[in-house]
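Novice: See coords-v8.txt below, with compact mmCIF, C-alpha atoms and all ligand atoms.
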# COMPACT_ATOMS: atom_id res chain seq x y z
CA MET A 1 119.48 100.78 113.14
CA LYS A 2 119.26 100.00 109.45
CA TYR A 3 116.01 97.98 109.49
CA ASP A 4 112.77 98.04 111.47
CA TYR A 5 112.57 94.22 111.45
CA LEU A 6 115.02 91.37 111.16
CA ILE A 7 113.00 88.33 110.10
CA VAL A 8 114.59 84.97 110.82
CA GLY A 9 113.34 82.39 108.31
CA ALA A 10 112.07 82.87 104.74
CA GLY A 11 109.18 80.41 105.20
CA LEU A 12 105.52 81.29 104.85
CA PHE A 13 105.23 83.02 108.23
CA GLY A 14 108.27 85.24 107.74
CA ALA A 15 107.29 86.06 104.16
CA VAL A 16 103.72 87.10 105.04
CA PHE A 17 105.01 89.27 107.85
CA ALA A 18 107.66 90.87 105.58
CA HIS A 19 105.09 91.55 102.87
CA GLU A 20 102.67 93.30 105.21
CA ALA A 21 105.44 95.24 106.95
CA VAL A 22 106.86 96.53 103.67
CA LYS A 23 103.35 97.52 102.57
CA LYS A 24 103.13 99.64 105.73
CA GLY A 25 106.42 101.36 104.91
CA ARG A 26 108.64 99.39 107.31
CA THR A 27 112.06 98.11 106.32
CA CYS A 28 112.86 94.41 106.70
CA LEU A 29 115.82 92.12 106.34
CA VAL A 30 115.10 88.39 106.02
CA VAL A 31 117.82 85.88 106.88
CA GLU A 32 117.45 82.25 105.89
CA ARG A 33 119.66 79.35 106.86
CA ARG A 34 118.89 77.31 103.75
CA GLY A 35 120.01 78.13 100.20
CA HIS A 36 116.46 78.97 99.10
CA ILE A 37 113.34 80.79 100.23
CA ALA A 38 109.90 79.31 101.05
CA GLY A 39 110.85 77.04 103.98
CA ASN A 40 109.07 73.70 103.90
CA ILE A 41 106.62 74.70 101.19
CA TYR A 42 109.50 75.03 98.71
CA THR A 43 108.75 73.56 95.28
CA GLU A 44 111.19 73.31 92.39
CA GLU A 45 110.53 72.46 88.75
CA ILE A 46 112.24 69.28 87.53
CA SER A 47 111.48 67.91 84.06
CA GLY A 48 108.44 70.19 83.91
CA ILE A 49 107.02 68.84 87.20
CA GLN A 50 106.66 70.89 90.39
CA VAL A 51 108.46 68.81 93.02
CA HIS A 52 107.53 69.39 96.68
CA ARG A 53 111.00 69.00 98.19
CA TYR A 54 109.90 68.87 101.83
CA GLY A 55 106.82 66.71 101.44
CA ALA A 56 103.46 67.01 99.73
CA HIS A 57 101.66 70.27 100.41
CA ILE A 58 97.97 70.64 99.69
CA PHE A 59 96.43 73.98 100.46
CA HIS A 60 93.07 73.68 102.20
CA THR A 61 91.16 76.07 104.37
CA SER A 62 87.73 77.14 105.53
CA ASP A 63 88.96 80.63 106.27
CA LYS A 64 87.64 82.84 103.48
CA LYS A 65 89.97 85.71 104.35
CA VAL A 66 93.03 83.48 104.13
CA TRP A 67 91.81 81.93 100.86
CA GLU A 68 91.30 85.35 99.31
CA TYR A 69 94.69 86.48 100.61
CA VAL A 70 96.62 83.57 99.12
CA ASN A 71 94.74 83.85 95.82
CA ARG A 72 96.28 87.29 95.38
CA PHE A 73 99.63 85.58 94.91
CA ALA A 74 98.67 82.48 92.88
CA GLU A 75 95.95 80.82 90.90
CA PHE A 76 94.91 77.48 92.39
CA ASN A 77 93.95 74.36 90.45
CA GLN A 78 91.02 72.06 91.26
CA TYR A 79 93.07 69.30 92.96
CA ILE A 80 91.22 67.41 95.70
CA ASN A 81 93.37 65.20 97.90
CA SER A 82 92.19 61.55 97.94
CA PRO A 83 95.04 59.33 99.12
CA ILE A 84 95.07 55.57 98.71
CA ALA A 85 96.11 53.35 101.61
CA ARG A 86 97.94 50.18 100.68
CA TYR A 87 98.05 47.35 103.23
CA LYS A 88 99.97 44.42 101.72
CA ASP A 89 98.10 43.85 98.43
CA GLU A 90 94.87 45.46 99.58
CA LEU A 91 94.01 48.99 98.44
CA TYR A 92 91.63 51.26 100.33
CA ASN A 93 90.34 54.79 99.93
CA LEU A 94 91.14 57.43 102.51
CA PRO A 95 89.98 59.19 104.59
CA PHE A 96 87.91 56.55 106.38
CA ASN A 97 84.58 56.57 104.57
CA MET A 98 82.01 54.25 103.01
CA ASN A 99 84.41 53.31 100.19
CA THR A 100 86.92 52.14 102.82
CA PHE A 101 84.31 50.24 104.82
CA SER A 102 82.63 48.59 101.86
CA LYS A 103 86.01 47.31 100.59
CA MET A 104 87.02 46.14 104.07
CA TRP A 105 83.81 44.30 104.91
CA GLY A 106 81.93 43.79 101.62
CA ILE A 107 79.00 45.88 102.85
CA ALA A 108 76.99 48.65 101.20
CA THR A 109 75.14 50.78 103.73
CA PRO A 110 76.17 53.18 106.52
CA GLU A 111 74.01 51.20 108.93
CA GLU A 112 75.97 48.01 108.23
CA ALA A 113 79.29 49.83 108.67
CA GLN A 114 78.23 51.42 111.94
CA LYS A 115 77.02 48.08 113.30
CA ILE A 116 80.33 46.35 112.49
CA ILE A 117 82.32 49.13 114.15
CA ALA A 118 80.06 49.07 117.23
CA ASP A 119 80.39 45.26 117.48
CA GLN A 120 84.18 45.42 117.19
CA ILE A 121 84.57 47.80 120.10
CA ALA A 122 81.65 46.75 122.32
CA ASP A 123 83.88 44.92 124.80
CA LEU A 124 86.32 47.85 125.15
CA HIS A 125 83.88 50.28 126.83
CA ILE A 126 85.79 53.36 125.73
CA THR A 127 84.04 56.48 126.96
CA GLN A 128 86.86 59.06 127.06
CA PRO A 129 89.68 57.98 124.69
CA ARG A 130 92.94 58.46 126.57
CA ASN A 131 95.30 58.04 123.64
CA LEU A 132 95.47 57.62 119.87
CA GLU A 133 94.78 53.88 119.98
CA GLU A 134 91.58 54.25 122.01
CA GLN A 135 90.50 57.19 119.88
CA ALA A 136 91.05 55.30 116.62
CA LEU A 137 89.37 52.12 117.85
CA SER A 138 86.34 54.00 119.06
CA LEU A 139 85.99 55.77 115.70
CA VAL A 140 86.60 53.01 113.15
CA GLY A 141 86.79 49.67 114.96
CA ARG A 142 89.48 47.03 115.15
CA ASP A 143 89.96 46.03 111.47
CA VAL A 144 90.55 49.52 110.14
CA TYR A 145 92.76 50.32 113.12
CA GLU A 146 94.91 47.20 112.66
CA LYS A 147 95.26 47.50 108.88
CA LEU A 148 95.28 51.21 108.15
CA ILE A 149 96.27 53.06 111.32
CA LYS A 150 98.47 51.15 113.73
CA GLY A 151 101.47 50.39 111.48
CA TYR A 152 101.39 53.74 109.67
CA THR A 153 101.14 55.77 112.86
CA GLU A 154 103.91 53.86 114.63
CA LYS A 155 106.21 54.36 111.62
CA GLN A 156 105.30 58.02 111.32
CA TRP A 157 105.73 58.85 114.99
CA GLY A 158 108.19 56.16 116.16
CA ARG A 159 105.99 55.61 119.19
CA ASP A 160 103.33 53.17 120.31
CA CYS A 161 99.80 54.37 119.51
CA ARG A 162 99.00 54.22 123.23
CA GLU A 163 101.68 56.85 123.89
CA LEU A 164 100.37 59.33 121.33
CA PRO A 165 97.73 62.03 121.86
CA SER A 166 94.30 61.33 120.40
CA PHE A 167 94.08 64.66 118.54
CA ILE A 168 96.51 63.44 115.85
CA ILE A 169 93.90 61.07 114.44
CA ARG A 170 91.02 63.49 114.89
CA ARG A 171 92.62 65.59 112.14
CA LEU A 172 91.23 63.10 109.64
CA PRO A 173 87.58 63.17 108.57
CA LEU A 174 85.47 60.08 109.28
CA ARG A 175 82.41 59.81 107.06
CA PHE A 176 79.58 57.41 106.49
CA THR A 177 79.15 58.70 102.93
CA TYR A 178 80.99 57.67 99.76
CA ASP A 179 83.31 60.68 99.71
CA ASN A 180 87.11 60.38 99.32
CA ASN A 181 87.96 64.04 99.91
CA TYR A 182 90.72 63.99 102.56
CA PHE A 183 89.67 67.39 103.90
CA ASN A 184 86.40 68.91 105.04
CA ASP A 185 87.47 72.42 104.16
CA ARG A 186 85.49 74.72 101.91
CA TYR A 187 88.53 75.64 99.74
CA GLN A 188 91.29 73.39 98.41
CA GLY A 189 93.87 73.27 95.61
CA ILE A 190 97.49 73.45 94.50
CA PRO A 191 98.99 76.73 93.30
CA ILE A 192 99.65 76.61 89.57
CA GLY A 193 103.38 77.13 89.07
CA GLY A 194 104.29 75.97 92.58
CA TYR A 195 104.50 77.38 96.10
CA THR A 196 107.91 78.99 95.74
CA ARG A 197 106.44 81.60 93.40
CA ILE A 198 103.96 82.67 96.12
CA VAL A 199 106.79 83.29 98.54
CA GLU A 200 108.82 85.10 95.84
CA LYS A 201 105.90 87.46 95.35
CA LEU A 202 105.46 87.97 99.08
CA LEU A 203 109.14 88.86 99.40
CA GLU A 204 109.24 91.29 96.47
CA GLY A 205 110.90 94.47 97.71
CA THR A 206 112.45 92.79 100.77
CA GLU A 207 116.16 92.10 101.13
CA VAL A 208 116.83 88.39 101.70
CA ARG A 209 120.13 86.85 102.76
CA LEU A 210 120.27 83.11 102.06
CA ASN A 211 122.70 80.65 103.66
CA THR A 212 122.71 82.83 106.76
CA ASP A 213 122.16 81.25 110.16
CA TYR A 214 120.87 83.87 112.57
CA LEU A 215 122.17 82.03 115.61
CA ALA A 216 125.70 81.91 114.20
CA HIS A 217 125.74 85.70 113.59
CA ARG A 218 123.42 86.84 116.30
CA ALA A 219 125.19 89.90 117.66
CA GLU A 220 125.93 91.50 114.30
CA LEU A 221 122.42 90.78 112.95
CA ASP A 222 120.69 92.00 116.11
CA ALA A 223 122.58 95.27 115.74
CA LEU A 224 120.93 95.87 112.36
CA ALA A 225 117.26 95.99 113.38
CA GLU A 226 114.92 97.37 116.03
CA LYS A 227 113.01 94.10 116.39
CA VAL A 228 113.40 90.44 115.51
CA VAL A 229 110.66 88.13 114.18
CA TYR A 230 112.01 84.64 114.81
CA THR A 231 110.47 81.61 113.05
CA GLY A 232 113.13 79.02 113.94
CA MET A 233 113.02 76.48 116.78
CA ILE A 234 112.20 78.17 120.08
CA ASP A 235 114.42 75.82 122.15
CA GLN A 236 117.39 76.38 119.84
CA PHE A 237 116.97 80.15 120.28
CA TYR A 238 117.65 79.60 123.98
CA ASP A 239 120.46 77.13 123.29
CA TYR A 240 118.25 74.31 124.66
CA CYS A 241 118.84 75.66 128.18
CA LEU A 242 115.62 74.15 129.60
CA GLY A 243 115.83 70.92 127.59
CA VAL A 244 115.38 69.70 124.02
CA LEU A 245 111.93 69.63 122.41
CA GLU A 246 111.29 66.47 120.40
CA TYR A 247 110.52 66.45 116.69
CA ARG A 248 110.05 63.90 113.97
CA SER A 249 112.20 64.31 110.92
CA VAL A 250 111.59 62.93 107.44
CA ARG A 251 114.02 61.72 104.80
CA PHE A 252 112.82 61.97 101.21
CA GLU A 253 114.16 59.56 98.62
CA THR A 254 113.28 61.16 95.30
CA GLU A 255 113.76 59.61 91.87
CA GLU A 256 112.79 60.34 88.30
CA LEU A 257 111.33 57.39 86.40
CA GLU A 258 111.18 56.93 82.64
CA GLN A 259 107.48 56.19 82.65
CA GLU A 260 104.43 58.36 82.44
CA ASN A 261 102.44 57.14 85.40
CA TYR A 262 103.86 55.18 88.33
CA GLN A 263 101.07 54.78 90.86
CA GLY A 264 98.03 56.54 89.37
CA ASN A 265 97.55 58.82 92.37
CA ALA A 266 99.45 61.67 94.02
CA VAL A 267 99.59 60.00 97.45
CA VAL A 268 99.77 56.31 98.33
CA ASN A 269 100.22 55.47 102.04
CA TYR A 270 101.92 52.19 102.92
CA THR A 271 100.19 51.30 106.14
CA GLU A 272 101.89 48.04 107.11
CA ARG A 273 104.76 48.13 109.58
CA GLU A 274 107.08 46.04 107.40
CA VAL A 275 107.40 48.56 104.52
CA PRO A 276 110.02 51.05 105.79
CA TYR A 277 108.57 54.18 104.21
CA THR A 278 105.24 55.73 105.16
CA ARG A 279 104.11 56.91 101.75
CA ILE A 280 105.04 57.53 98.12
CA ILE A 281 104.22 60.86 96.53
CA GLU A 282 103.96 61.10 92.73
CA HIS A 283 104.31 64.83 92.26
CA LYS A 284 102.84 65.27 88.76
CA HIS A 285 99.38 64.14 89.88
CA PHE A 286 99.02 67.26 92.03
CA GLU A 287 98.84 69.24 88.80
CA PHE A 288 97.37 66.65 86.39
CA GLY A 289 100.75 66.47 84.60
CA LYS A 290 101.11 64.73 81.25
CA GLN A 291 104.92 64.65 80.98
CA PRO A 292 106.51 61.48 79.51
CA VAL A 293 108.48 60.98 82.79
CA THR A 294 107.45 61.04 86.43
CA ILE A 295 109.03 61.92 89.80
CA ILE A 296 108.29 60.05 93.00
CA SER A 297 109.40 60.55 96.61
CA ARG A 298 109.42 57.88 99.29
CA GLU A 299 109.10 59.28 102.82
CA TYR A 300 111.03 57.73 105.69
CA SER A 301 110.19 59.05 109.12
CA SER A 302 112.84 59.25 111.86
CA GLU A 303 113.45 60.73 115.29
CA TRP A 304 114.91 64.24 115.00
CA LYS A 305 118.40 64.88 116.37
CA LYS A 306 120.43 68.09 116.40
CA GLY A 307 121.46 68.98 112.84
CA ASP A 308 118.43 67.32 111.16
CA GLU A 309 115.52 69.28 109.69
CA PRO A 310 112.67 69.38 112.22
CA TYR A 311 109.31 68.56 110.61
CA TYR A 312 106.65 67.48 113.05
CA PRO A 313 106.55 68.67 116.68
CA VAL A 314 105.75 65.77 119.01
CA ASN A 315 102.96 67.43 120.99
CA ASN A 316 102.72 65.05 123.94
CA GLU A 317 102.39 66.13 127.56
CA LYS A 318 106.11 66.21 128.25
CA ASN A 319 107.01 68.35 125.23
CA ASP A 320 104.03 70.66 125.59
CA GLY A 321 105.04 71.27 129.21
CA LEU A 322 108.59 72.11 128.18
CA TYR A 323 107.32 74.35 125.40
CA GLU A 324 105.23 76.29 127.95
CA GLU A 325 108.43 77.00 129.89
CA TYR A 326 110.16 78.32 126.78
CA LYS A 327 107.07 80.31 125.89
CA ALA A 328 107.11 82.01 129.28
CA LYS A 329 110.71 83.03 128.62
CA ALA A 330 109.82 84.24 125.13
CA GLU A 331 107.01 86.41 126.50
CA GLY A 332 109.60 88.27 128.54
CA GLU A 333 111.53 89.30 125.42
CA LYS A 334 111.16 92.98 124.58
CA ARG A 335 112.44 92.97 121.02
CA VAL A 336 111.94 89.40 119.82
CA ILE A 337 108.63 88.02 118.53
CA PHE A 338 108.28 84.25 118.01
CA GLY A 339 106.06 82.86 115.28
CA GLY A 340 105.44 80.12 112.73
CA ARG A 341 105.44 76.39 113.12
CA LEU A 342 108.81 76.04 114.85
CA GLY A 343 108.57 79.21 116.90
CA SER A 344 105.21 78.06 118.29
CA TYR A 345 105.96 74.30 118.42
CA ARG A 346 102.62 73.60 116.74
CA TYR A 347 101.46 71.31 113.94
CA TYR A 348 100.22 74.28 111.88
CA ASP A 349 98.87 73.91 108.36
CA MET A 350 99.68 76.66 105.88
CA ASP A 351 96.35 78.43 106.30
CA LYS A 352 96.85 78.62 110.06
CA VAL A 353 100.35 79.98 109.56
CA ILE A 354 99.04 82.72 107.27
CA ALA A 355 96.23 83.54 109.71
CA SER A 356 98.61 83.79 112.65
CA ALA A 357 101.10 85.93 110.68
CA LEU A 358 98.26 88.28 109.73
CA GLU A 359 97.15 88.45 113.36
CA LEU A 360 100.65 89.41 114.36
CA CYS A 361 100.70 92.08 111.64
CA ALA A 362 97.43 93.52 112.95
CA ARG A 363 98.90 93.78 116.47
CA GLU A 364 102.38 94.85 115.55
CA LEU A 365 102.25 97.09 112.48
P1 LIG A 401 109.06 76.87 107.87
O1 LIG A 401 108.53 76.62 106.52
O2 LIG A 401 109.70 75.75 108.61
O3 LIG A 401 110.08 78.10 107.76
C1 LIG A 401 111.00 78.42 108.78
C2 LIG A 401 112.28 78.82 108.09
O4 LIG A 401 113.19 79.32 109.07
C3 LIG A 401 112.98 77.65 107.41
O5 LIG A 401 113.21 77.94 106.06
C4 LIG A 401 114.28 77.50 108.20
O6 LIG A 401 115.37 77.10 107.40
C5 LIG A 401 114.48 78.91 108.73
N1 LIG A 401 115.31 78.97 109.94
C6 LIG A 401 115.17 78.26 111.07
N2 LIG A 401 116.13 78.60 111.96
C7 LIG A 401 116.87 79.54 111.37
C8 LIG A 401 118.01 80.28 111.78
N3 LIG A 401 118.58 80.10 112.98
N4 LIG A 401 118.55 81.18 110.94
C9 LIG A 401 117.99 81.38 109.70
N5 LIG A 401 116.92 80.71 109.26
C10 LIG A 401 116.37 79.81 110.09
N6 LIG A 401 100.43 72.34 105.52
C11 LIG A 401 99.31 72.36 104.77
O7 LIG A 401 98.53 73.33 104.86
N7 LIG A 401 99.00 71.37 103.90
C12 LIG A 401 99.81 70.27 103.73
O8 LIG A 401 99.51 69.39 102.92
C13 LIG A 401 100.99 70.21 104.52
N8 LIG A 401 101.83 69.15 104.39
C14 LIG A 401 102.97 69.11 105.14
C15 LIG A 401 103.81 68.02 104.98
C16 LIG A 401 104.98 67.93 105.70
C17 LIG A 401 105.92 66.77 105.51
C18 LIG A 401 105.30 68.97 106.64
C19 LIG A 401 106.54 68.90 107.46
C20 LIG A 401 104.46 70.05 106.80
C21 LIG A 401 103.28 70.14 106.06
N9 LIG A 401 102.44 71.24 106.16
C22 LIG A 401 101.29 71.28 105.41
C23 LIG A 401 102.75 72.38 107.07
C24 LIG A 401 103.54 73.51 106.37
O9 LIG A 401 104.76 73.01 105.92
C25 LIG A 401 103.75 74.64 107.38
O10 LIG A 401 102.50 75.15 107.79
C26 LIG A 401 104.58 75.84 106.85
O11 LIG A 401 105.66 75.44 106.07
C27 LIG A 401 105.08 76.61 108.04
O12 LIG A 401 105.74 77.80 107.65
P2 LIG A 401 106.74 78.48 108.67
O13 LIG A 401 107.22 79.72 108.01
O14 LIG A 401 106.15 78.57 110.01
O15 LIG A 401 107.93 77.41 108.85
N1 LIG A 402 97.00 58.14 109.61
C1 LIG A 402 96.96 56.76 109.60
N2 LIG A 402 96.92 56.11 108.41
C2 LIG A 402 96.93 56.77 107.24
C3 LIG A 402 96.96 58.17 107.25
C4 LIG A 402 97.00 58.84 108.46
O1 LIG A 402 96.97 56.15 110.65
O2 LIG A 402 96.91 56.11 106.18
C5 LIG A 402 97.07 58.83 110.93
C6 LIG A 402 98.51 58.97 111.40
O3 LIG A 402 98.51 58.84 112.81
C7 LIG A 402 98.85 60.38 111.02
C8 LIG A 402 97.53 61.09 111.27
O4 LIG A 402 96.55 60.13 110.86
O5 LIG A 402 99.89 60.91 111.80
C9 LIG A 402 97.36 62.39 110.54
O6 LIG A 402 97.49 62.15 109.15
P1 LIG A 402 97.87 63.29 108.15
O7 LIG A 402 97.67 62.76 106.78
O8 LIG A 402 97.16 64.54 108.54
O9 LIG A 402 99.42 63.47 108.40
P2 LIG A 402 100.44 64.42 107.61
O10 LIG A 402 99.95 64.53 106.20
O11 LIG A 402 100.41 65.72 108.33
O12 LIG A 402 101.71 63.70 107.71
Could you render the structure from this file as structure tokens?
Specialist:
Amino acid sequence: MKYDYLIVGAGLFGAVFAHEAVKKGRTCLVVERRGHIAGNIYTEEISGIQVHRYGAHIFHTSDKKVWEYVNRFAEFNQYINSPIARYKDELYNLPFNMNTFSKMWGIATPEEAQKIIADQIADLHITQPRNLEEQALSLVGRDVYEKLIKGYTEKQWGRDCRELPSFIIRRLPLRFTYDNNYFNDRYQGIPIGGYTRIVEKLLEGTEVRLNTDYLAHRAELDALAEKVVYTGMIDQFYDYCLGVLEYRSVRFETEELEQENYQGNAVVNYTEREVPYTRIIEHKHFEFGKQPVTIISREYSSEWKKGDEPYYPVNNEKNDGLYEEYKAKAEGEKRVIFGGRLGSYRYYDMDKVIASALELCAREL
């Protein structure tokens, strides 16, 4: 065997594992299907602007160890995510907070906001929210749900809000203070110089083969290493033998505009059903860019089908049940370890991916 580990996928999970393994004197080969490293956190510089090719990525965490770890590979700026929600011609601050409520209802105090929300849901008697709709209504009332949640969520997920799990909406903070920070985490920022550079540094000293699909060259690649760390889709690994896990995919329509400032904010969500995209990202605002041009990306959400890039796992009961069956199979593998967002069929943020890769390193190396 030429290598200790064959790592499938040059995304964040694979790169952290490779870095730690090489540090411990192990040999690794990374194979990556795409023509570049860094997986979905890939950024590329265009006209002096770091463009997030696979969607906006904001690093945020409360895990001090992870924050210190990632700061070894990049310096982070002071960006705080504060998206704007646009419903027809009305603009609101996100996440749902006193700025949102005061604009929606012309009120000023938390007490007034809480009373309006309570009045709007009094007749629903929701005690245990059974789905995203009930969860959202019970948190923010009918107006905010109808204007800022229902249309956006149904575009994003392609499903009725009553068919979606409530945890999706619980990711967002709800505050009765005037605070537009989208995250509650202790640490937040964007790496100066982009995310790709972090992954480049993690992979220093590791051999990487791009444009190489592990599943298309399985036998010859397996013969090269003692063990495999697989960060691709778990159902695809097993040739979908138990069934196909559902994902949402995203199409990004990116254009460069000959103007300095298009929308005045990095993220603007279009929350009405009728606008076909979910949001517009203006990349330069993640790094306070002053270039004479700007680059924007419109995001169109769609149901994943074979051949598309999988982005968001659809963690409903049916898919989670199927995933458990695949997981049981995976646990029986002697020389393959599954990890990362696709290997675990989980909506993992970057900090969670780093933490789980480091946990694996602690067990494995
Ligand atoms: P990936 O980045 O998906 O890497 C897996 C790699 O494996 C890919 O490069 C893929 O091409 C490769 N691969 C798969 N199958 C094969 C094969 N058969 N052969 C060879 N290679 C293969 N997180 C945050 O913390 N903050 C955010 O703001 C944020 N925003 C996001 C926005 C969007 C639109 C999306 C989709 C995700 C976002 N995330 C965010 C999550 C973040 O992208 C993930 O946590 C992270 O990219 C996961 O890393 P990974 O290595 O597990 O997976
Ligand atoms: N959401 C919404 N309206 C918004 C923003 C978010 O209804 O303007 C809901 C939607 O259901 C979404 C969820 O909150 O899927 C989580 O939002 P988040 O911004 O975390 O999604 P991501 O950035 O991961 O796409």
Novice: Contacts of stretch 353-355 of chain A at 8 Å or less, counting all atoms listed in the file, minus same-chain residues fewer than 2 places along, as a PDB file with C-alpha atoms, in the frame of the given file?
Specialist:
ATOM      1  CA  LEU A  12     105.520  81.290 104.850  1.00  0.00           C
ATOM      2  CA  PHE A  13     105.230  83.020 108.230  1.00  0.00           C
ATOM      3  CA  VAL A  16     103.720  87.100 105.040  1.00  0.00           C
ATOM      4  CA  VAL A  66      93.030  83.480 104.130  1.00  0.00           C
ATOM      5  CA  GLY A 340     105.440  80.120 112.730  1.00  0.00           C
ATOM      6  CA  ARG A 341     105.440  76.390 113.120  1.00  0.00           C
ATOM      7  CA  TYR A 348     100.220  74.280 111.880  1.00  0.00           C
ATOM      8  CA  ASP A 349      98.870  73.910 108.360  1.00  0.00           C
ATOM      9  CA  MET A 350      99.680  76.660 105.880  1.00  0.00           C
ATOM     10  CA  ASP A 351      96.350  78.430 106.300  1.00  0.00           C
ATOM     11  CA  ALA A 357     101.100  85.930 110.680  1.00  0.00           C
ATOM     12  CA  LEU A 358      98.260  88.280 109.730  1.00  0.00           C
ATOM     13  CA  GLU A 359      97.150  88.450 113.360  1.00  0.00           C
TER      14      GLU A 359
END
Novice: If we count all atoms listed in the file and set the cut-off at 9 Å, which residues sit around stretch 160-176 of chain A, ignoring sequence neighbours fewer than 6 positions away in its own chain? Please answer as a PyMOL selection string.
Specialist: chain A and resi 95-99+101+109-111+113-114+129-136+139-140+149-150+153-154+182-184+314-317
Novice: Please extract the residues at most 8 Å from ligand LIG 401 (chain A), counting only C-alpha atoms and all ligand atoms, and provide them as number ranges by chain, using the chain letters and residue numbers of this document.
Specialist: A: 8-15, 31-34, 36-41, 54-61, 211-216, 230-233, 236-237, 250, 310-312, 339-343, 347-353
Novice: Considering all atoms listed in the file, state which residue in the set A:Ala21, A:Cys241, A:Ile198, A:Leu124 is at the smallest distance from A:Tyr42.
Specialist: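 Using all atoms listed in the file, A:Tyr42 sits closest to A:Ile198.
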Novice: Which value, in Å to one decimal, gives the distance between atom CA of A:Ala85 and atom CA of A:Leu137?
Specialist: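 We find that atom CA of A:Ala85 and atom CA of A:Leu137 lie 17.6 Å from each other.
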Novice: Considering only C-alpha atoms, can you say which of A:Asp179, A:Glu20, A:Glu226, A:Asp239 comes closest to A:Arg363?
Specialist: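 Between A:Asp179, A:Glu20, A:Glu226, A:Asp239, the residue approaching A:Arg363 most closely is A:Glu20.
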Novice: In terms of the shortest atom-to-atom distance over all atoms listed in the file, which of A:Glu324, A:Asp4, A:Asp123, A:Asp143 is closest to A:Gly243?
Specialist: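 Distance minimum relative to A:Gly243 lands on A:Glu324.
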Novice: Is it possible to get the axis-aligned box enclosing ligand LIG 402 (chain A) (all listed atoms, 6 Å extra per side) as JSON, with centre and edge lengths in Å rounded to one decimal?
Specialist:
{"center_x": 99.1, "center_y": 60.9, "center_z": 109.5, "size_x": 17.2, "size_y": 21.6, "size_z": 18.6}
Novice: Select, from A:Glu333, A:Asp119, A:Glu207, A:Glu68, the residue with the minimum atom-to-atom distance to A:Lys2, counting all atoms listed in the file.
Specialist: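 So, comparing all the options, the nearest one is A:Glu207.
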Novice: Work out how far apart atom CA of A:Val208 and atom CA of A:Glu253 are and give it in Å to one decimal.
Specialist: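 Result for atom CA of A:Val208 versus atom CA of A:Glu253: 29.1 Å, one decimal.
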Novice: Can you measure atom N1 of ligand LIG 402 (chain A) to atom CA of A:Gly151 for me? One decimal in Å is fine.
Specialist: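 Going from atom N1 of ligand LIG 402 (chain A) over to atom CA of A:Gly151, I get 9.1 Å.
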Novice: Please identify every residue of stretch 12-94 of chain A that has at least one atom no farther than 12 Å from an atom of stretch 293-307 of chain A, counting all atoms listed in the file, and for each give the shortest atom pair and the distance in Å to one decimal, arranged by chain then increasing number, as a tab-separated table.
Specialist:
residue	atom	partner	partner_atom	distance
A:Glu44	CA	A:Ile295	CA	11.9
A:Glu45	CA	A:Ile295	CA	10.7
A:Ile46	CA	A:Ile295	CA	8.3
A:Ser47	CA	A:Val293	CA	7.7
A:Gly48	CA	A:Val293	CA	9.3
A:Ile49	CA	A:Ile295	CA	7.7
A:Gln50	CA	A:Ile295	CA	9.3
A:Val51	CA	A:Ile295	CA	7.6
A:His52	CA	A:Ser297	CA	9.0
A:Arg53	CA	A:Ser297	CA	8.7
A:Tyr54	CA	A:Glu299	CA	9.7
A:Gly55	CA	A:Glu299	CA	7.9
A:Ala56	CA	A:Ser297	CA	9.3
Novice: Of the candidates A:Pro313, A:Phe286, A:Glu200, A:Ala108, which one gets nearest to A:Ala18 if we count only C-alpha atoms?
Specialist: A:Glu200
Novice: Find the residue from A:Tyr92, A:Phe288, A:Tyr277, A:Tyr345 that sits nearest to A:Gln156; use all atoms listed in the file when measuring.
Specialist: A:Tyr277
Novice: If we count all atoms listed in the file and set the cut-off at 9 Å, which residues sit around A:Val267, ignoring sequence neighbours fewer than 2 positions away in its own chain? Please answer as a tab-separated table (two decimals) with C-alpha atoms, in the frame of the given file.
Specialist:
chain	number	residue	atom	x	y	z
A	56	ALA	CA	103.46	67.01	99.73
A	81	ASN	CA	93.37	65.20	97.90
A	82	SER	CA	92.19	61.55	97.94
A	83	PRO	CA	95.04	59.33	99.12
A	84	ILE	CA	95.07	55.57	98.71
A	85	ALA	CA	96.11	53.35	101.61
A	263	GLN	CA	101.07	54.78	90.86
A	264	GLY	CA	98.03	56.54	89.37
A	265	ASN	CA	97.55	58.82	92.37
A	269	ASN	CA	100.22	55.47	102.04
A	279	ARG	CA	104.11	56.91	101.75
A	280	ILE	CA	105.04	57.53	98.12
A	281	ILE	CA	104.22	60.86	96.53
A	282	GLU	CA	103.96	61.10	92.73
A	283	HIS	CA	104.31	64.83	92.26
A	285	HIS	CA	99.38	64.14	89.88
Novice: Near A:Lys290, counting only C-alpha atoms, which residues have an atom at most 9 Å away, once you skip same-chain residues fewer than 5 positions from it, shown as a list in words?
Specialist: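 Surrounding residues, per the criterion: Glu260, Asn261, Lys284 and His285 of chain A.
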Novice: Would you put the residues from that selection into a file with C-alpha atoms, as a PDB file, in the frame of the given file?
Specialist:
ATOM      1  CA  GLU A 260     104.430  58.360  82.440  1.00  0.00           C
ATOM      2  CA  ASN A 261     102.440  57.140  85.400  1.00  0.00           C
ATOM      3  CA  LYS A 284     102.840  65.270  88.760  1.00  0.00           C
ATOM      4  CA  HIS A 285      99.380  64.140  89.880  1.00  0.00           C
TER       5      HIS A 285
END
Novice: Residues at most 9 Å from A:Leu242, counting all atoms listed in the file, excluding those fewer than 3 positions away in the same chain, as an NGL selection string?
Specialist: :A and (235 or 238-239 or 322 or 325-326)
